[in-house]
>>> print(open('work-v2.cif').read())   # mmCIF, C-alpha atoms and all ligand atoms
data_work
loop_
_atom_site.label_atom_id
_atom_site.label_comp_id
_atom_site.auth_asym_id
_atom_site.auth_seq_id
_atom_site.Cartn_x
_atom_site.Cartn_y
_atom_site.Cartn_z
CA MET X 1 103.46 202.53 -152.60
CA PHE X 2 105.01 201.26 -149.41
CA GLU X 3 101.57 200.72 -147.89
CA HIS X 4 101.36 197.64 -150.10
CA LEU X 5 104.30 196.05 -148.34
CA LYS X 6 103.58 193.22 -145.93
CA ALA X 7 105.33 192.83 -142.60
CA GLN X 8 107.93 190.07 -142.93
CA PRO X 9 108.36 187.25 -140.46
CA GLN X 10 111.14 187.91 -137.98
CA ASP X 11 114.28 185.77 -138.24
CA LYS X 12 114.31 184.01 -134.88
CA ILE X 13 118.11 183.93 -134.56
CA MET X 14 118.39 187.66 -135.29
CA ALA X 15 115.50 188.42 -132.89
CA LEU X 16 117.26 186.47 -130.15
CA MET X 17 120.48 188.40 -130.76
CA ILE X 18 118.60 191.67 -130.18
CA ALA X 19 116.80 190.35 -127.08
CA PHE X 20 120.16 189.30 -125.60
CA ARG X 21 121.68 192.72 -126.21
CA GLU X 22 118.70 194.37 -124.50
CA ASP X 23 118.86 192.15 -121.40
CA THR X 24 120.57 194.21 -118.67
CA ARG X 25 121.48 191.27 -116.40
CA ASP X 26 125.23 190.88 -115.77
CA ASN X 27 125.15 187.12 -115.59
CA LYS X 28 123.33 186.51 -118.91
CA VAL X 29 124.72 183.78 -121.15
CA ASP X 30 124.51 184.02 -124.96
CA LEU X 31 124.09 180.61 -126.61
CA GLY X 32 122.11 182.07 -129.53
CA VAL X 33 123.65 183.26 -132.77
CA GLY X 34 126.46 181.10 -134.17
CA VAL X 35 129.45 183.24 -133.28
CA TYR X 36 132.58 181.88 -131.58
CA LYS X 37 133.45 183.36 -128.18
CA ASP X 38 136.71 182.91 -126.33
CA PRO X 39 136.74 182.10 -122.58
CA THR X 40 136.41 185.82 -121.78
CA GLY X 41 133.29 186.14 -123.92
CA ASN X 42 134.93 188.04 -126.80
CA THR X 43 134.92 187.18 -130.49
CA PRO X 44 138.57 187.91 -131.28
CA VAL X 45 140.05 188.71 -134.68
CA MET X 46 142.19 185.65 -135.41
CA LYS X 47 145.95 186.31 -135.26
CA ALA X 48 146.52 185.16 -138.83
CA VAL X 49 143.74 187.49 -140.02
CA LYS X 50 145.32 190.47 -138.21
CA ASN X 51 148.72 189.63 -139.67
CA ALA X 52 147.36 189.18 -143.18
CA GLU X 53 145.50 192.49 -142.86
CA LYS X 54 148.72 194.20 -141.83
CA GLN X 55 150.54 192.79 -144.86
CA LEU X 56 147.63 193.69 -147.11
CA TRP X 57 147.56 197.26 -145.84
CA GLU X 58 151.25 197.60 -146.70
CA ALA X 59 151.05 195.94 -150.09
CA GLU X 60 147.70 196.98 -151.52
CA THR X 61 148.07 199.73 -154.09
CA THR X 62 144.54 199.95 -155.48
CA LYS X 63 140.92 199.48 -154.51
CA SER X 64 139.84 199.22 -158.12
CA TYR X 65 137.46 196.43 -159.16
CA THR X 66 138.61 192.83 -159.14
CA ALA X 67 136.68 190.35 -161.32
CA LEU X 68 132.93 189.69 -161.29
CA GLY X 69 133.55 186.21 -159.94
CA GLY X 70 135.97 187.55 -157.34
CA ASP X 71 139.74 187.17 -157.33
CA PRO X 72 140.49 183.84 -159.08
CA ALA X 73 143.28 183.17 -156.54
CA PHE X 74 140.69 183.26 -153.74
CA VAL X 75 138.34 180.95 -155.63
CA LYS X 76 141.17 178.48 -156.18
CA ALA X 77 142.49 178.64 -152.60
CA LEU X 78 139.09 178.17 -150.96
CA SER X 79 137.89 175.51 -153.39
CA THR X 80 141.12 173.58 -152.65
CA LEU X 81 140.48 173.88 -148.91
CA VAL X 82 136.99 172.43 -149.36
CA LEU X 83 137.44 169.89 -152.14
CA ALA X 84 141.21 169.14 -152.07
CA ASP X 85 141.83 167.08 -155.21
CA SER X 86 138.49 165.24 -155.15
CA VAL X 87 137.27 167.00 -158.32
CA ASP X 88 139.22 167.74 -161.50
CA GLU X 89 139.73 171.51 -161.73
CA ALA X 90 138.43 171.51 -165.32
CA ARG X 91 134.99 170.54 -163.96
CA LEU X 92 134.86 173.35 -161.41
CA ALA X 93 133.21 176.74 -161.76
CA GLY X 94 133.23 179.17 -158.85
CA ALA X 95 132.41 182.72 -157.84
CA ALA X 96 133.10 184.62 -154.63
CA GLN X 97 129.98 185.55 -152.65
CA PRO X 98 129.05 187.87 -149.80
CA GLY X 99 129.26 185.18 -147.11
CA GLY X 100 127.75 181.71 -146.95
CA THR X 101 124.25 183.20 -147.03
CA GLY X 102 125.08 184.95 -150.31
CA ALA X 103 126.33 181.65 -151.70
CA ILE X 104 123.13 179.82 -150.71
CA HIS X 105 120.98 182.56 -152.22
CA GLN X 106 122.96 182.52 -155.45
CA ALA X 107 122.86 178.70 -155.60
CA ILE X 108 119.08 178.68 -155.38
CA GLU X 109 118.84 181.40 -158.01
CA LEU X 110 121.03 179.29 -160.29
CA VAL X 111 118.76 176.28 -159.72
CA LYS X 112 115.76 178.47 -160.50
CA MET X 113 117.33 179.51 -163.80
CA ALA X 114 118.15 175.91 -164.73
CA ASN X 115 115.04 174.13 -163.44
CA PRO X 116 112.35 176.40 -161.97
CA GLY X 117 110.11 173.42 -161.22
CA ALA X 118 112.68 171.71 -158.96
CA THR X 119 111.79 170.91 -155.38
CA ILE X 120 114.52 171.69 -152.86
CA TRP X 121 114.71 169.08 -150.11
CA LEU X 122 115.72 170.29 -146.66
CA SER X 123 116.68 168.37 -143.55
CA ALA X 124 114.14 168.61 -140.72
CA PRO X 125 115.28 170.69 -138.97
CA THR X 126 117.63 173.00 -140.85
CA TRP X 127 119.04 176.53 -140.57
CA PRO X 128 115.89 178.71 -140.65
CA ASN X 129 117.29 180.96 -143.36
CA HIS X 130 117.33 178.04 -145.84
CA PRO X 131 113.53 177.80 -146.17
CA SER X 132 113.25 181.57 -145.89
CA ILE X 133 115.51 182.17 -148.92
CA ILE X 134 113.84 179.39 -150.93
CA LYS X 135 110.41 180.87 -150.21
CA HIS X 136 111.66 184.35 -151.09
CA LEU X 137 112.86 183.04 -154.45
CA GLY X 138 109.53 181.33 -155.08
CA MET X 139 110.88 177.79 -155.27
CA LYS X 140 109.19 174.65 -154.01
CA MET X 141 110.57 172.84 -151.00
CA ALA X 142 110.05 169.65 -149.05
CA GLU X 143 111.55 168.16 -145.91
CA TYR X 144 113.35 164.92 -145.21
CA ARG X 145 113.62 163.43 -141.72
CA TYR X 146 117.05 163.99 -140.23
CA PHE X 147 117.08 164.21 -136.44
CA ASP X 148 115.75 161.61 -134.06
CA ASN X 149 114.39 163.57 -131.11
CA ASP X 150 114.75 160.62 -128.74
CA SER X 151 118.32 159.56 -129.43
CA ARG X 152 119.40 163.06 -130.58
CA ALA X 153 121.26 161.33 -133.41
CA VAL X 154 120.68 161.22 -137.18
CA ASP X 155 117.60 159.23 -138.20
CA PHE X 156 119.34 157.85 -141.28
CA ALA X 157 116.68 155.26 -142.10
CA GLY X 158 114.02 158.01 -141.96
CA MET X 159 116.19 160.31 -144.07
CA MET X 160 116.68 157.76 -146.83
CA ALA X 161 113.00 156.74 -146.75
CA ASP X 162 111.91 160.38 -147.23
CA LEU X 163 114.51 161.01 -149.90
CA GLY X 164 112.92 158.11 -151.76
CA ASN X 165 110.33 160.70 -152.88
CA VAL X 166 112.94 162.89 -154.58
CA THR X 167 112.46 163.08 -158.34
CA THR X 168 115.03 163.63 -161.09
CA GLY X 169 116.13 167.26 -161.22
CA ASP X 170 115.27 167.96 -157.58
CA VAL X 171 117.85 169.46 -155.25
CA VAL X 172 118.90 167.92 -151.93
CA LEU X 173 120.40 170.42 -149.51
CA LEU X 174 122.96 168.80 -147.20
CA HIS X 175 125.05 170.28 -144.38
CA GLY X 176 128.68 169.48 -145.19
CA CYS X 177 129.56 169.12 -141.49
CA CYS X 178 128.54 170.37 -138.05
CA HIS X 179 124.81 170.23 -138.81
CA ASN X 180 123.00 173.43 -137.89
CA PRO X 181 120.93 173.33 -135.63
CA THR X 182 121.35 169.77 -134.33
CA GLY X 183 125.10 168.97 -134.20
CA ALA X 184 124.31 165.42 -135.42
CA ASN X 185 126.27 164.38 -138.53
CA LEU X 186 126.42 161.63 -141.13
CA THR X 187 129.10 158.94 -140.94
CA THR X 188 131.48 158.25 -143.84
CA ALA X 189 129.45 155.19 -144.87
CA GLU X 190 126.23 157.24 -144.78
CA TRP X 191 127.76 159.96 -146.96
CA GLU X 192 128.75 157.27 -149.46
CA GLU X 193 125.22 155.90 -149.47
CA VAL X 194 123.76 159.38 -149.98
CA ALA X 195 126.19 160.07 -152.85
CA ASP X 196 125.26 156.82 -154.64
CA PHE X 197 121.59 157.52 -154.04
CA LEU X 198 121.87 161.02 -155.60
CA VAL X 199 123.47 159.53 -158.72
CA LYS X 200 120.72 156.91 -158.98
CA LYS X 201 117.98 159.53 -158.58
CA GLY X 202 119.56 162.15 -160.85
CA ALA X 203 119.19 164.70 -158.05
CA LEU X 204 121.50 167.68 -157.52
CA PRO X 205 123.24 168.02 -154.15
CA LEU X 206 123.59 171.52 -152.72
CA ILE X 207 126.10 171.30 -149.88
CA ASP X 208 126.22 174.08 -147.31
CA ILE X 209 129.61 173.96 -145.60
CA ALA X 210 129.88 176.78 -143.07
CA TYR X 211 131.83 175.22 -140.19
CA GLN X 212 134.80 173.43 -141.78
CA GLY X 213 137.40 172.93 -139.04
CA PHE X 214 134.92 173.22 -136.15
CA GLY X 215 134.03 169.52 -135.93
CA ASP X 216 136.70 166.86 -136.38
CA GLY X 217 139.33 168.89 -138.28
CA LEU X 218 139.72 170.62 -141.64
CA ASP X 219 139.98 167.47 -143.77
CA ALA X 220 137.62 165.30 -141.73
CA ASP X 221 134.92 167.98 -141.89
CA ALA X 222 135.18 168.18 -145.68
CA GLU X 223 135.07 164.42 -146.18
CA GLY X 224 131.34 164.19 -146.89
CA THR X 225 131.47 167.07 -149.37
CA ARG X 226 134.43 165.45 -151.14
CA ILE X 227 132.71 162.04 -151.27
CA VAL X 228 129.59 163.53 -152.84
CA CYS X 229 131.43 165.82 -155.26
CA SER X 230 133.71 163.04 -156.47
CA THR X 231 130.73 160.71 -157.05
CA VAL X 232 127.99 162.80 -158.66
CA PRO X 233 128.14 164.39 -162.13
CA GLU X 234 126.84 167.77 -160.90
CA ALA X 235 126.84 169.51 -157.53
CA LEU X 236 126.70 172.93 -155.90
CA VAL X 237 128.77 173.80 -152.84
CA ALA X 238 128.24 176.94 -150.74
CA ALA X 239 131.24 177.61 -148.50
CA SER X 240 131.46 180.23 -145.77
CA CYS X 241 134.57 181.74 -144.16
CA SER X 242 132.62 183.60 -141.46
CA LYS X 243 133.27 181.10 -138.70
CA ASN X 244 136.50 179.28 -139.50
CA PHE X 245 138.33 182.53 -140.29
CA GLY X 246 136.23 184.61 -137.87
CA VAL X 247 135.55 187.18 -140.60
CA TYR X 248 131.80 187.37 -139.98
CA ARG X 249 131.30 191.00 -140.94
CA GLU X 250 133.56 190.87 -144.01
CA ARG X 251 131.04 188.63 -145.82
CA THR X 252 133.37 186.09 -147.35
CA GLY X 253 132.05 183.02 -149.13
CA LEU X 254 132.17 180.99 -152.30
CA LEU X 255 129.73 179.19 -154.56
CA LEU X 256 131.16 176.24 -156.49
CA ALA X 257 129.48 174.35 -159.30
CA VAL X 258 130.78 170.89 -160.20
CA SER X 259 129.95 170.09 -163.84
CA PRO X 260 130.11 166.81 -165.75
CA ASP X 261 132.31 168.19 -168.54
CA GLU X 262 134.19 171.27 -169.68
CA GLU X 263 131.39 172.60 -171.85
CA LYS X 264 128.93 172.68 -168.94
CA GLN X 265 131.65 174.04 -166.67
CA LYS X 266 131.96 177.05 -168.99
CA LEU X 267 128.20 177.54 -169.00
CA ALA X 268 128.05 177.26 -165.21
CA GLN X 269 130.93 179.75 -164.80
CA GLN X 270 129.32 182.22 -167.15
CA ASN X 271 126.00 181.97 -165.29
CA LEU X 272 127.63 182.37 -161.86
CA THR X 273 129.37 185.51 -163.06
CA HIS X 274 126.14 186.79 -164.62
CA LEU X 275 124.29 186.28 -161.33
CA ASN X 276 126.93 188.23 -159.43
CA ARG X 277 126.56 191.09 -161.92
CA GLN X 278 122.78 191.15 -161.54
CA ASN X 279 122.78 190.99 -157.75
CA PHE X 280 125.74 193.07 -156.61
CA SER X 281 128.30 193.26 -159.42
CA PHE X 282 131.62 192.62 -157.70
CA PRO X 283 131.69 190.53 -154.53
CA PRO X 284 133.36 192.00 -151.40
CA ASP X 285 137.13 191.63 -151.67
CA HIS X 286 138.75 192.41 -148.32
CA GLY X 287 137.85 189.21 -146.46
CA ALA X 288 138.43 187.11 -149.58
CA ARG X 289 141.91 188.54 -150.07
CA VAL X 290 142.79 187.94 -146.42
CA VAL X 291 141.55 184.34 -146.63
CA GLN X 292 143.49 183.76 -149.85
CA MET X 293 146.68 185.12 -148.26
CA ILE X 294 146.26 182.90 -145.21
CA LEU X 295 145.61 179.79 -147.27
CA THR X 296 148.58 180.30 -149.59
CA ASP X 297 151.28 181.73 -147.26
CA PRO X 298 152.84 178.86 -145.22
CA ALA X 299 153.49 180.97 -142.08
CA LEU X 300 150.02 182.56 -142.02
CA ARG X 301 148.44 179.19 -142.74
CA GLN X 302 150.28 177.52 -139.89
CA GLU X 303 149.21 180.31 -137.53
CA TRP X 304 145.59 180.03 -138.65
CA GLU X 305 145.44 176.23 -138.45
CA THR X 306 146.92 176.31 -134.94
CA GLU X 307 144.35 178.83 -133.72
CA LEU X 308 141.47 177.06 -135.46
CA GLU X 309 142.54 173.82 -133.80
CA GLU X 310 142.49 175.55 -130.40
CA VAL X 311 138.96 176.76 -131.11
CA ARG X 312 137.86 173.27 -132.18
CA THR X 313 139.40 171.41 -129.25
CA GLY X 314 138.10 174.08 -126.86
CA MET X 315 134.55 173.38 -128.06
CA LEU X 316 135.09 169.62 -127.67
CA ARG X 317 136.29 170.17 -124.12
CA LEU X 318 133.22 172.28 -123.32
CA ARG X 319 130.98 169.58 -124.82
CA LYS X 320 132.56 166.94 -122.62
CA SER X 321 132.44 169.12 -119.55
CA LEU X 322 128.71 169.85 -120.05
CA ALA X 323 127.92 166.18 -120.71
CA ASP X 324 129.91 165.15 -117.59
CA GLY X 325 128.19 167.83 -115.49
CA LEU X 326 124.78 166.60 -116.58
CA ARG X 327 125.75 162.96 -116.04
CA GLN X 328 126.62 163.79 -112.42
CA ARG X 329 123.55 165.92 -111.83
CA THR X 330 121.04 163.51 -113.38
CA ASN X 331 122.78 160.26 -112.60
CA SER X 332 122.05 159.20 -116.17
CA ASP X 333 123.62 159.15 -119.63
CA ASN X 334 120.67 161.09 -121.11
CA PHE X 335 122.89 163.99 -122.12
CA ASP X 336 125.90 162.08 -123.43
CA PHE X 337 124.84 163.07 -126.94
CA ILE X 338 126.23 166.55 -126.26
CA ALA X 339 129.76 165.07 -126.30
CA ASP X 340 129.00 163.07 -129.45
CA HIS X 341 127.67 166.02 -131.45
CA ARG X 342 130.10 168.11 -133.47
CA GLY X 343 130.43 171.77 -134.40
CA MET X 344 129.06 174.86 -132.78
CA PHE X 345 125.57 173.63 -132.08
CA SER X 346 123.65 170.94 -130.28
CA ARG X 347 119.92 170.58 -130.12
CA LEU X 348 119.18 169.96 -126.46
CA GLY X 349 115.66 168.61 -126.92
CA ALA X 350 114.02 171.04 -124.47
CA THR X 351 110.44 172.27 -124.98
CA PRO X 352 109.84 175.96 -125.85
CA GLU X 353 108.56 176.42 -122.29
CA GLN X 354 111.77 174.99 -120.84
CA VAL X 355 113.83 177.25 -123.15
CA GLU X 356 111.78 180.23 -121.96
CA HIS X 357 112.25 179.19 -118.32
CA MET X 358 116.04 179.07 -118.76
CA ARG X 359 115.97 182.54 -120.33
CA GLU X 360 113.69 184.13 -117.73
CA LYS X 361 115.14 182.57 -114.61
CA HIS X 362 118.78 181.93 -115.53
CA GLY X 363 119.49 184.50 -118.26
CA ILE X 364 120.45 181.73 -120.70
CA TYR X 365 119.66 182.53 -124.31
CA MET X 366 119.28 179.65 -126.74
CA VAL X 367 117.15 179.46 -129.88
CA GLY X 368 113.52 178.44 -129.21
CA ASP X 369 114.02 174.98 -130.71
CA SER X 370 116.66 174.47 -127.95
CA ARG X 371 119.67 174.90 -130.22
CA MET X 372 122.63 175.89 -128.03
CA ASN X 373 125.81 177.48 -129.30
CA ILE X 374 128.48 175.49 -127.45
CA ALA X 375 131.08 178.13 -128.40
CA GLY X 376 129.14 180.64 -126.28
CA LEU X 377 130.05 178.70 -123.11
CA ASN X 378 133.09 178.86 -120.82
CA ASP X 379 134.23 176.85 -117.79
CA LYS X 380 132.03 178.89 -115.44
CA THR X 381 128.88 179.04 -117.55
CA VAL X 382 128.97 175.28 -118.24
CA ASP X 383 127.94 174.75 -114.61
CA ILE X 384 125.31 177.49 -114.75
CA LEU X 385 123.83 175.86 -117.86
CA ALA X 386 123.92 172.35 -116.39
CA ASP X 387 122.06 173.61 -113.28
CA ALA X 388 119.54 175.45 -115.46
CA ILE X 389 118.89 172.37 -117.63
CA VAL X 390 118.16 170.30 -114.52
CA ASP X 391 116.09 173.09 -112.97
CA ALA X 392 114.00 173.41 -116.14
CA GLY X 393 113.32 169.66 -116.01
CA VAL X 394 114.72 168.94 -119.48
C1 LIG X 401 123.59 180.87 -137.05
O1 LIG X 401 122.97 179.89 -137.47
O2 LIG X 401 123.43 181.32 -135.90
C2 LIG X 401 124.60 181.53 -137.94
O3 LIG X 401 124.68 180.86 -139.15
C3 LIG X 401 124.37 182.97 -138.08
C4 LIG X 401 123.17 183.30 -138.92
O4 LIG X 401 123.32 184.08 -139.86
O5 LIG X 401 122.07 182.81 -138.64
#
>>> encode(input="work-v2.cif", output="structure tokens", more="lines below")
Ligand code: LMR
Amino acid sequence: MFEHLKAQPQDKIMALMIAFREDTRDNKVDLGVGVYKDPTGNTPVMKAVKNAEKQLWEAETTKSYTALGGDPAFVKALSTLVLADSVDEARLAGAAQPGGTGAIHQAIELVKMANPGATIWLSAPTWPNHPSIIKHLGMKMAEYRYFDNDSRAVDFAGMMADLGNVTTGDVVLLHGCCHNPTGANLTTAEWEEVADFLVKKGALPLIDIAYQGFGDGLDADAEGTRIVCSTVPEALVAASCSKNFGVYRERTGLLLAVSPDEEKQKLAQQNLTHLNRQNFSFPPDHGARVVQMILTDPALRQEWETELEEVRTGMLRLRKSLADGLRQRTNSDNFDFIADHRGMFSRLGATPEQVEHMREKHGIYMVGDSRMNIAGLNDKTVDILADAIVDAGV
């Protein structure tokens, strides 16, 4: 039977991760997969996570099943982190998911069950796994302009013009903050315009929020999501804890459905739970429990917020340092956008040949579309990267 299987396209981020591991050079620099690295190149377990795990180890008396939708205390704690009080709890359905990817997959399955003919609109560019999952689930998709390659900022006029082709019942996938792969984000006024537009069109927003706390702060990064969710009658939100809690391998995420009324909330909740049962039964619990403990225990929360803030400001400092280094080297402001972007990533705007040149000659690994993971840099490698960018003629 297996001879009927077709070879699947390689995920370019995963392929890059393997290529980096196989490179034997000592001075190689990993700016590929979106994983935070401290100045010594490690991805540490956050202190609050370690402390919560210690407490959990002491207190946990059973590994028996939780609930199909995950522990309700986790759902409540994480939905509060994302939405604060922007949506009445009675309108919210939610289910824990294996990571942000699990939440996106489940969201698209839910859309398929509700409206199989919907087109899912994606920013150009977007995280490559978005179109891959949509294709896998056999749904239609279309792109809207998002990134202006010249200014390296959001092409908002282009975005709204393309979204003009959205029809009622379509889904518009938005990045809640820290756009992946570009680092260019909507302003508050633009979020408001998008929210009003979605209401007018009768389109469903699906917001992927995977980097809350990595851009301008926990509340600032959730602002767009809150604006949309408090404006539209229905929305889906896929939240990930991989990055902001550093629990990548624990697969901790949440899918939220905002409904117009309590009756549809019940239906949405029942369908989310049903989907979990079909796909994996109970979602992973360890990471979710740790996150819930951190969010609800004042001491753990303080510890986590302090460390997250250090991570965030560290990335901002690296952004500024790289932009300054390139300003000096090129005698121009062509790279100032790096300091303006937010989150883990920036799209540099290099050609695939220039990206290849930086990999071959300088051991610098970035995704082929020139997405760089700023969190993969440190004070020393900022200079190496700045030299390589100039050497490659970007
Ligand atoms: C990334 O974009 O690098 C991360 O979201 C990790 C992944 O799964 O691709």
>>> closest_atom_pairs(input="work-v2.cif", of="chain X", to="ligand LIG 401 (chain X)", cutoff="10 Å", atoms="all atoms listed in the file", output="tab-separated table")
residue	atom	partner	partner_atom	distance
X:Asp11	CA	X:LIG401	O5	8.3
X:Lys12	CA	X:LIG401	O5	8.7
X:Ile13	CA	X:LIG401	O5	5.8
X:Met14	CA	X:LIG401	O5	6.9
X:Leu16	CA	X:LIG401	O2	9.9
X:Met17	CA	X:LIG401	O2	9.2
X:Leu31	CA	X:LIG401	O2	9.3
X:Gly32	CA	X:LIG401	O2	6.5
X:Val33	CA	X:LIG401	O2	3.7
X:Gly34	CA	X:LIG401	O2	3.5
X:Val35	CA	X:LIG401	O2	6.8
X:Gly99	CA	X:LIG401	O4	9.4
X:Gly100	CA	X:LIG401	O3	8.4
X:Thr101	CA	X:LIG401	O4	7.3
X:Thr126	CA	X:LIG401	O1	9.3
X:Trp127	CA	X:LIG401	O1	6.0
X:Pro128	CA	X:LIG401	O5	7.7
X:Asn129	CA	X:LIG401	O5	7.0
X:His130	CA	X:LIG401	O5	9.9
X:His179	CA	X:LIG401	O1	9.9
X:Asn180	CA	X:LIG401	O1	6.5
X:Pro181	CA	X:LIG401	O1	7.1
X:Ala210	CA	X:LIG401	O3	7.7
X:Tyr211	CA	X:LIG401	O3	9.2
X:Ser240	CA	X:LIG401	O3	9.5
X:Ser242	CA	X:LIG401	O3	8.7
X:Lys243	CA	X:LIG401	O3	8.6
X:Tyr248	CA	X:LIG401	C3	8.8
X:Met344	CA	X:LIG401	O2	9.1
X:Phe345	CA	X:LIG401	O1	8.7
X:Val367	CA	X:LIG401	O2	8.9
X:Arg371	CA	X:LIG401	O2	9.4
X:Met372	CA	X:LIG401	O2	9.6
X:Asn373	CA	X:LIG401	O2	8.0
>>> atom_distance(input="work-v2.cif", atom1="atom CA of Met366 of chain X", atom2="atom CA of Ser132 of chain X")
20.2 Å
>>> closest_residue(input="work-v2.cif", among="X:Asp23, X:Glu190, X:Asp219, X:Asp88", to="Glu305 of chain X", atoms="only C-alpha atoms")
X:Asp219
>>> residues_near_point(input="work-v2.cif", point="(132.2, 172.7, -125.9)", cutoff="10 Å", atoms="all atoms listed in the file", output="PyMOL selection string")
chain X and resi 311-323+338-339+341-346+373-379+382
>>> closest_atom_pairs(input="work-v2.cif", of="segment 223-249 of chain X", to="segment 90-94 of chain X", cutoff="12 Å", atoms="all atoms listed in the file", output="tab-separated table")
residue	atom	partner	partner_atom	distance
X:Cys229	CA	X:Leu92	CA	10.3
X:Ser230	CA	X:Arg91	CA	10.7
X:Val232	CA	X:Arg91	CA	11.7
X:Pro233	CA	X:Arg91	CA	9.4
X:Glu234	CA	X:Arg91	CA	9.1
X:Ala235	CA	X:Leu92	CA	9.7
X:Leu236	CA	X:Gly94	CA	9.5
X:Val237	CA	X:Gly94	CA	9.2
X:Ala238	CA	X:Gly94	CA	9.8
X:Ala239	CA	X:Gly94	CA	10.7
>>> residues_around(input="work-v2.cif", residues="Ala392 of chain X", least_positions_apart="3", cutoff="9 Å", atoms="all atoms listed in the file", output="PyMOL selection string")
chain X and resi 350+353-355+357-358+387-389
>>> residues_around(input="work-v2.cif", residues="Gly176 of chain X", least_positions_apart="2", cutoff="12 Å", atoms="only C-alpha atoms", output="PyMOL selection string")
chain X and resi 82-83+172-174+178-180+183-188+191+205-215+218-229+236-240+342-343
>>> atom_distance(input="work-v2.cif", atom1="atom CA of Ala96 of chain X", atom2="atom CA of Thr252 of chain X")
7.4 Å
>>> residues_around(input="work-v2.cif", residues="Gln278 of chain X", least_positions_apart="4", cutoff="12 Å", atoms="all atoms listed in the file", output="mmCIF file with C-alpha atoms, in the frame of the given file")
data_model
loop_
_atom_site.group_PDB
_atom_site.id
_atom_site.type_symbol
_atom_site.label_atom_id
_atom_site.label_comp_id
_atom_site.auth_asym_id
_atom_site.auth_seq_id
_atom_site.Cartn_x
_atom_site.Cartn_y
_atom_site.Cartn_z
ATOM 1 C CA LEU X 68 132.930 189.690 -161.290
ATOM 2 C CA GLY X 69 133.550 186.210 -159.940
ATOM 3 C CA GLN X 106 122.960 182.520 -155.450
ATOM 4 C CA GLU X 109 118.840 181.400 -158.010
ATOM 5 C CA ASN X 271 126.000 181.970 -165.290
ATOM 6 C CA LEU X 272 127.630 182.370 -161.860
ATOM 7 C CA THR X 273 129.370 185.510 -163.060
ATOM 8 C CA HIS X 274 126.140 186.790 -164.620
ATOM 9 C CA PHE X 282 131.620 192.620 -157.700
ATOM 10 C CA PRO X 283 131.690 190.530 -154.530
#
>>> atom_distance(input="work-v2.cif", atom1="atom CA of Met113 of chain X", atom2="atom CA of Val75 of chain X")
22.6 Å
>>> closest_residue(input="work-v2.cif", among="X:Ala118, X:Val199, X:Ile384, X:Met293", to="Lys28 of chain X", atoms="only C-alpha atoms")
X:Ile384
>>> closest_residue(input="work-v2.cif", among="X:Ser370, X:Thr119, X:Gln97, X:Thr167", to="Leu275 of chain X", atoms="only C-alpha atoms")
X:Gln97
>>> closest_residue(input="work-v2.cif", among="X:Lys47, X:Lys6, X:Arg145, X:Lys266", to="Val247 of chain X", atoms="only C-alpha atoms")
X:Lys47
>>> closest_residue(input="work-v2.cif", among="X:Gly164, X:Met1, X:Asp285, X:Glu263", to="Thr62 of chain X", atoms="only C-alpha atoms")
X:Asp285
>>> axis_aligned_box(input="work-v2.cif", around="segment 75-82 of chain X", padding_each_side="5 Å", output="lines of an AutoDock Vina configuration file")
center_x = 139.7
center_y = 176.7
center_z = -152.5
size_x = 15.5
size_y = 18.5
size_z = 17.3
>>> residues_around(input="work-v2.cif", residues="Val291 of chain X", least_positions_apart="2", cutoff="8 Å", atoms="only C-alpha atoms", output="short mmCIF file (atom, residue, chain, number, x, y, z; two decimals) with C-alpha atoms, in the frame of the given file")
data_model
loop_
_atom_site.label_atom_id
_atom_site.label_comp_id
_atom_site.auth_asym_id
_atom_site.auth_seq_id
_atom_site.Cartn_x
_atom_site.Cartn_y
_atom_site.Cartn_z
CA VAL X 49 143.74 187.49 -140.02
CA PHE X 74 140.69 183.26 -153.74
CA LEU X 78 139.09 178.17 -150.96
CA CYS X 241 134.57 181.74 -144.16
CA PHE X 245 138.33 182.53 -140.29
CA GLY X 287 137.85 189.21 -146.46
CA ALA X 288 138.43 187.11 -149.58
CA ARG X 289 141.91 188.54 -150.07
CA MET X 293 146.68 185.12 -148.26
CA ILE X 294 146.26 182.90 -145.21
CA LEU X 295 145.61 179.79 -147.27
#
>>> build_atoms(input="work-v2.cif", residues="segment 211-217 of chain X", atoms="N, CA and C atoms", output="PDB file, in the coordinates of the input")
ATOM      1  N   TYR X 211     131.115 175.415-141.466  1.00  0.00           N
ATOM      2  CA  TYR X 211     131.830 175.220-140.190  1.00  0.00           C
ATOM      3  C   TYR X 211     133.036 174.312-140.359  1.00  0.00           C
ATOM      4  N   GLN X 212     133.658 174.331-141.536  1.00  0.00           N
ATOM      5  CA  GLN X 212     134.800 173.430-141.780  1.00  0.00           C
ATOM      6  C   GLN X 212     135.914 173.744-140.777  1.00  0.00           C
ATOM      7  N   GLY X 213     136.364 172.735-140.051  1.00  0.00           N
ATOM      8  CA  GLY X 213     137.400 172.930-139.040  1.00  0.00           C
ATOM      9  C   GLY X 213     136.845 173.041-137.634  1.00  0.00           C
ATOM     10  N   PHE X 214     135.530 173.089-137.483  1.00  0.00           N
ATOM     11  CA  PHE X 214     134.920 173.220-136.150  1.00  0.00           C
ATOM     12  C   PHE X 214     134.497 171.869-135.571  1.00  0.00           C
ATOM     13  N   GLY X 215     134.535 170.814-136.387  1.00  0.00           N
ATOM     14  CA  GLY X 215     134.030 169.520-135.930  1.00  0.00           C
ATOM     15  C   GLY X 215     135.154 168.568-135.582  1.00  0.00           C
ATOM     16  N   ASP X 216     135.647 167.844-136.597  1.00  0.00           N
ATOM     17  CA  ASP X 216     136.700 166.860-136.380  1.00  0.00           C
ATOM     18  C   ASP X 216     138.025 167.263-137.017  1.00  0.00           C
ATOM     19  N   GLY X 217     138.097 168.433-137.621  1.00  0.00           N
ATOM     20  CA  GLY X 217     139.330 168.890-138.280  1.00  0.00           C
ATOM     21  C   GLY X 217     139.031 169.289-139.717  1.00  0.00           C
TER      22      GLY X 217
END
